[in-house]
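K.L.:
Take a look at model_35.cif, mmCIF, C-alpha atoms and all ligand atoms:
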```cif
data_data
#
loop_
_atom_site.label_atom_id
_atom_site.label_comp_id
_atom_site.auth_asym_id
_atom_site.auth_seq_id
_atom_site.Cartn_x
_atom_site.Cartn_y
_atom_site.Cartn_z
CA MET A 1 100.60 100.87 106.79
CA ALA A 2 101.38 97.59 105.10
CA ILE A 3 104.78 96.67 103.71
CA GLU A 4 104.44 96.77 99.93
CA ARG A 5 106.55 96.07 96.90
CA THR A 6 106.70 98.26 93.84
CA PHE A 7 108.51 98.21 90.53
CA SER A 8 110.96 100.87 89.34
CA ILE A 9 112.80 101.61 86.12
CA ILE A 10 115.68 104.05 85.77
CA LYS A 11 114.93 104.93 82.16
CA PRO A 12 117.42 105.16 79.25
CA ASP A 13 117.82 108.95 79.40
CA ALA A 14 118.94 108.79 83.03
CA VAL A 15 121.24 105.78 82.56
CA GLU A 16 122.79 107.49 79.53
CA ARG A 17 123.54 110.62 81.58
CA GLY A 18 125.26 108.65 84.34
CA LEU A 19 122.50 109.15 86.92
CA ILE A 20 122.03 105.58 88.19
CA ALA A 21 123.82 106.23 91.49
CA GLU A 22 122.11 109.58 92.13
CA ILE A 23 118.66 108.12 91.60
CA LEU A 24 119.35 104.99 93.66
CA LYS A 25 120.59 107.24 96.45
CA MET A 26 117.31 109.19 96.40
CA ILE A 27 115.43 105.88 96.49
CA THR A 28 117.33 104.38 99.42
CA ASP A 29 117.50 107.71 101.32
CA SER A 30 113.68 107.75 101.17
CA GLY A 31 113.63 104.51 103.15
CA LEU A 32 112.78 102.16 100.30
CA LYS A 33 114.75 98.92 100.30
CA ILE A 34 116.03 97.31 97.09
CA LYS A 35 114.76 93.70 96.94
CA GLY A 36 116.07 92.96 93.45
CA MET A 37 117.85 94.92 90.73
CA LYS A 38 119.40 94.47 87.30
CA MET A 39 120.64 96.41 84.31
CA MET A 40 119.15 95.26 81.04
CA ARG A 41 118.17 96.38 77.58
CA MET A 42 114.57 95.70 76.62
CA ASP A 43 113.72 94.49 73.16
CA ARG A 44 110.67 95.87 71.35
CA ALA A 45 108.34 93.04 72.36
CA LYS A 46 109.27 93.41 76.03
CA ALA A 47 108.70 97.17 76.01
CA GLU A 48 105.44 96.89 74.05
CA GLY A 49 104.18 94.33 76.55
CA PHE A 50 105.21 96.48 79.49
CA TYR A 51 103.36 99.54 78.16
CA ALA A 52 100.45 97.58 76.60
CA VAL A 53 97.98 99.66 78.62
CA HIS A 54 99.10 102.69 76.57
CA LYS A 55 99.02 101.04 73.13
CA GLU A 56 96.16 103.21 71.81
CA ARG A 57 97.80 106.44 72.99
CA PRO A 58 99.42 108.69 70.36
CA PHE A 59 102.77 108.60 72.16
CA PHE A 60 103.00 104.77 72.31
CA GLY A 61 105.34 104.25 69.33
CA GLU A 62 107.79 106.92 70.42
CA LEU A 63 107.63 105.74 74.01
CA VAL A 64 108.59 102.19 73.00
CA ASP A 65 111.40 103.48 70.73
CA TYR A 66 112.74 105.50 73.65
CA MET A 67 112.51 102.67 76.18
CA ILE A 68 114.57 100.36 73.93
CA SER A 69 117.07 103.08 72.95
CA GLY A 70 119.53 102.05 75.65
CA PRO A 71 119.93 100.12 78.88
CA VAL A 72 117.68 100.60 81.88
CA VAL A 73 117.98 99.61 85.53
CA VAL A 74 114.94 97.75 86.80
CA SER A 75 114.34 97.16 90.48
CA CYS A 76 111.84 95.83 92.95
CA LEU A 77 111.51 98.19 95.91
CA GLU A 78 110.01 97.36 99.28
CA GLY A 79 108.79 99.45 102.18
CA GLU A 80 105.81 100.83 104.02
CA ASN A 81 103.33 102.27 101.55
CA ALA A 82 106.02 101.74 98.91
CA ILE A 83 103.79 102.20 95.86
CA GLU A 84 102.48 105.65 96.80
CA ASN A 85 105.72 106.76 98.44
CA TYR A 86 107.75 105.97 95.35
CA ARG A 87 105.21 107.74 93.09
CA LYS A 88 105.62 110.80 95.33
CA LEU A 89 109.40 110.55 95.21
CA MET A 90 109.29 110.40 91.38
CA GLY A 91 107.02 113.44 91.00
CA ALA A 92 104.61 114.29 88.19
CA THR A 93 104.93 112.58 84.79
CA ASN A 94 105.87 115.92 83.23
CA PRO A 95 109.11 117.04 84.92
CA ALA A 96 108.08 120.68 84.41
CA GLN A 97 105.21 120.02 86.82
CA ALA A 98 107.14 117.84 89.29
CA GLU A 99 107.63 119.18 92.80
CA GLU A 100 111.06 120.24 93.95
CA GLY A 101 112.95 117.40 95.60
CA THR A 102 111.50 114.74 93.32
CA ILE A 103 113.52 112.57 90.93
CA ARG A 104 111.75 113.92 87.86
CA ALA A 105 112.18 117.56 88.94
CA ALA A 106 115.90 116.94 89.44
CA TYR A 107 116.63 114.75 86.43
CA GLY A 108 113.67 114.56 84.00
CA MET A 109 114.23 116.09 80.56
CA SER A 110 110.72 115.98 79.06
CA ILE A 111 107.33 114.35 79.53
CA GLN A 112 108.72 111.33 77.67
CA ASN A 113 112.32 111.31 78.89
CA ASN A 114 111.35 111.59 82.52
CA ALA A 115 114.10 109.52 84.17
CA CYS A 116 112.05 106.91 86.01
CA HIS A 117 109.02 104.65 86.16
CA GLY A 118 107.06 103.50 89.20
CA SER A 119 104.01 101.25 89.47
CA ASP A 120 100.72 103.07 89.94
CA GLY A 121 98.86 100.57 92.15
CA PRO A 122 99.00 97.18 93.86
CA ASP A 123 97.87 95.19 90.82
CA THR A 124 100.30 96.83 88.41
CA ALA A 125 103.09 96.56 91.00
CA ARG A 126 102.59 92.80 91.25
CA THR A 127 102.33 92.35 87.49
CA GLU A 128 105.31 94.57 86.71
CA VAL A 129 107.62 92.97 89.29
CA ALA A 130 106.73 89.54 87.88
CA TYR A 131 107.26 90.79 84.30
CA PHE A 132 110.94 91.45 85.08
CA PHE A 133 111.91 89.27 88.04
CA ASN A 134 111.79 85.64 89.00
CA ASP A 135 111.19 84.98 92.70
CA ASP A 136 114.77 83.83 93.19
CA GLU A 137 116.04 87.22 91.98
CA LEU A 138 114.25 89.05 94.82
CA VAL A 139 117.01 88.49 97.31
CA GLY A 140 117.21 91.80 99.21
O1 LIG A 201 105.04 107.18 84.17
P1 LIG A 201 103.70 107.71 84.66
O2 LIG A 201 102.86 106.66 85.32
O3 LIG A 201 103.87 108.95 85.50
O4 LIG A 201 102.91 108.23 83.35
P2 LIG A 201 101.95 107.43 82.32
O5 LIG A 201 100.80 108.34 82.03
O6 LIG A 201 101.66 106.06 82.82
O7 LIG A 201 102.83 107.35 81.00
C1 LIG A 201 103.84 106.38 80.87
C2 LIG A 201 105.04 107.02 80.24
O8 LIG A 201 104.71 107.44 78.92
C3 LIG A 201 105.53 108.32 80.92
O9 LIG A 201 106.32 108.08 82.07
C4 LIG A 201 106.31 108.97 79.80
O10 LIG A 201 107.61 108.41 79.65
C5 LIG A 201 105.46 108.60 78.57
N1 LIG A 201 104.51 109.67 78.18
C6 LIG A 201 104.77 110.39 77.02
O11 LIG A 201 105.77 110.15 76.33
N2 LIG A 201 103.89 111.38 76.63
C7 LIG A 201 102.79 111.66 77.35
N3 LIG A 201 101.96 112.62 76.96
C8 LIG A 201 102.52 110.93 78.53
C9 LIG A 201 103.41 109.94 78.92
MG MG A 202 101.99 104.98 84.55
#
```
Show me, as structure tokens, the structure contained in the file I just sent.
P.N.:
Amino acid sequence: MAIERTFSIIKPDAVERGLIAEILKMITDSGLKIKGMKMMRMDRAKAEGFYAVHKERPFFGELVDYMISGPVVVSCLEGENAIENYRKLMGATNPAQAEEGTIRAAYGMSIQNNACHGSDGPDTARTEVAYFFNDDELVG
């Protein structure tokens, strides 16, 4: 398996509930390495650009409102098969359907407020990492 990079967000609902450390522990315990990380608050344009692929979906407006409702922690994660492994660690989009032991099963509140984001493939991983990080911020 190749070493890959993926992009992660600890979403506003999880930051607000004080879960940054718990989620980062699940990430690093799984073997993923943090290459870069920062806490930030997205503005509307940034969040709309990030979720542009969903702009025709009925939930888009609420999703953007939620993603700018408070700070998030964005990170670039690296490891073997990182993209798929992190998707598995997050669990299903709807926390009610997420397997036990996943981040969303443990900490997700609803299909929208589901604690975390992870890239869904190599192209999105590359684009998403570059959307939030300059090369000189990937220091890990
Ligand atoms: O995040 P993931 O890739 O698992 O799901 P997605 O289908 O790419 O949707 C992106 C995000 O939109 C989800 O993580 C949810 O926060 C939100 N969403 C929502 O609010 N309502 C839905 N019916 C589906 C997704
Ligand atoms: Mg997605």
K.L.:
One decimal, Å: what's the distance from CA of Thr28 in chain A over to CA of Met90 in chain A, could you say?
P.N.:
12.9 Å
K.L.:
Would you list the residues that come within 6 Å of ligand LIG 201 (chain A)? Count all atoms listed in the file and give the answer as a list in words.
P.N.:
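So, counting all atoms listed in the file, the residues near ligand LIG 201 (chain A) are Phe59, Leu63, Thr93, Ile111, Gln112, Asn113, Asn114 and His117 of chain A.
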K.L.:
Can you write out the residues you just picked, keeping C-alpha atoms, as a tab-separated table (two decimals), in the frame of the given file?
P.N.:
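The resulting file, result14.tsv, is shown below:
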```
chain	number	residue	atom	x	y	z
A	59	PHE	CA	102.77	108.60	72.16
A	63	LEU	CA	107.63	105.74	74.01
A	93	THR	CA	104.93	112.58	84.79
A	111	ILE	CA	107.33	114.35	79.53
A	112	GLN	CA	108.72	111.33	77.67
A	113	ASN	CA	112.32	111.31	78.89
A	114	ASN	CA	111.35	111.59	82.52
A	117	HIS	CA	109.02	104.65	86.16
```
K.L.:
Please identify all polymer residues within 10 Å of Ile23 in chain A, counting all atoms listed in the file, omitting same-chain residues fewer than 4 positions from it, and present them as a ChimeraX atom specification.
P.N.:
/A:10,14-15,18-19,27-29,90,102-104,106-107,115-116
K.L.:
Would you compute the box with edges along x, y and z of the file around range 97-108 of chain A, including every atom the file lists for it and 3 Å extra on each side, and give its centre and edge lengths in Å to one decimal, as JSON?
P.N.:
```
{"center_x": 110.9, "center_y": 116.4, "center_z": 89.8, "size_x": 17.4, "size_y": 13.7, "size_z": 17.6}
```
K.L.:
Would you give me, as a tab-separated table, each residue of range 38-71 of chain A having an atom within 12 Å of an atom of range 119-127 of chain A, along with its shortest atom pair and that distance in Å to one decimal, using only C-alpha atoms and sorting by chain and residue number?
P.N.:
```
residue	atom	partner	partner_atom	distance
A:Gly49	CA	A:Thr127	CA	11.3
A:Phe50	CA	A:Thr127	CA	9.5
A:Tyr51	CA	A:Thr124	CA	11.0
A:Ala52	CA	A:Thr124	CA	11.8
A:Val53	CA	A:Thr124	CA	10.5
```
K.L.:
So, with only C-alpha atoms and all ligand atoms as the atoms that count, which of A:Ile83, A:Leu138, A:Ile3, A:Met109 lies closest to ligand MG 202 (chain A)?
P.N.:
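Of all the options, A:Ile83 lies closest to ligand MG 202 (chain A).
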K.L.:
CA of Arg44 in chain A and CA of Val64 in chain A, how far apart in Å?
P.N.:
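Going from CA of Val64 in chain A over to CA of Arg44 in chain A, I get 6.9 Å.
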K.L.:
Could you give me, as number ranges by chain, the residues that sit within 12 Å of (115.4, 93.5, 97.8) in the file's coordinates, counting only C-alpha atoms?
P.N.:
A: 4-7, 28, 32-38, 74-79, 129, 133, 135-140
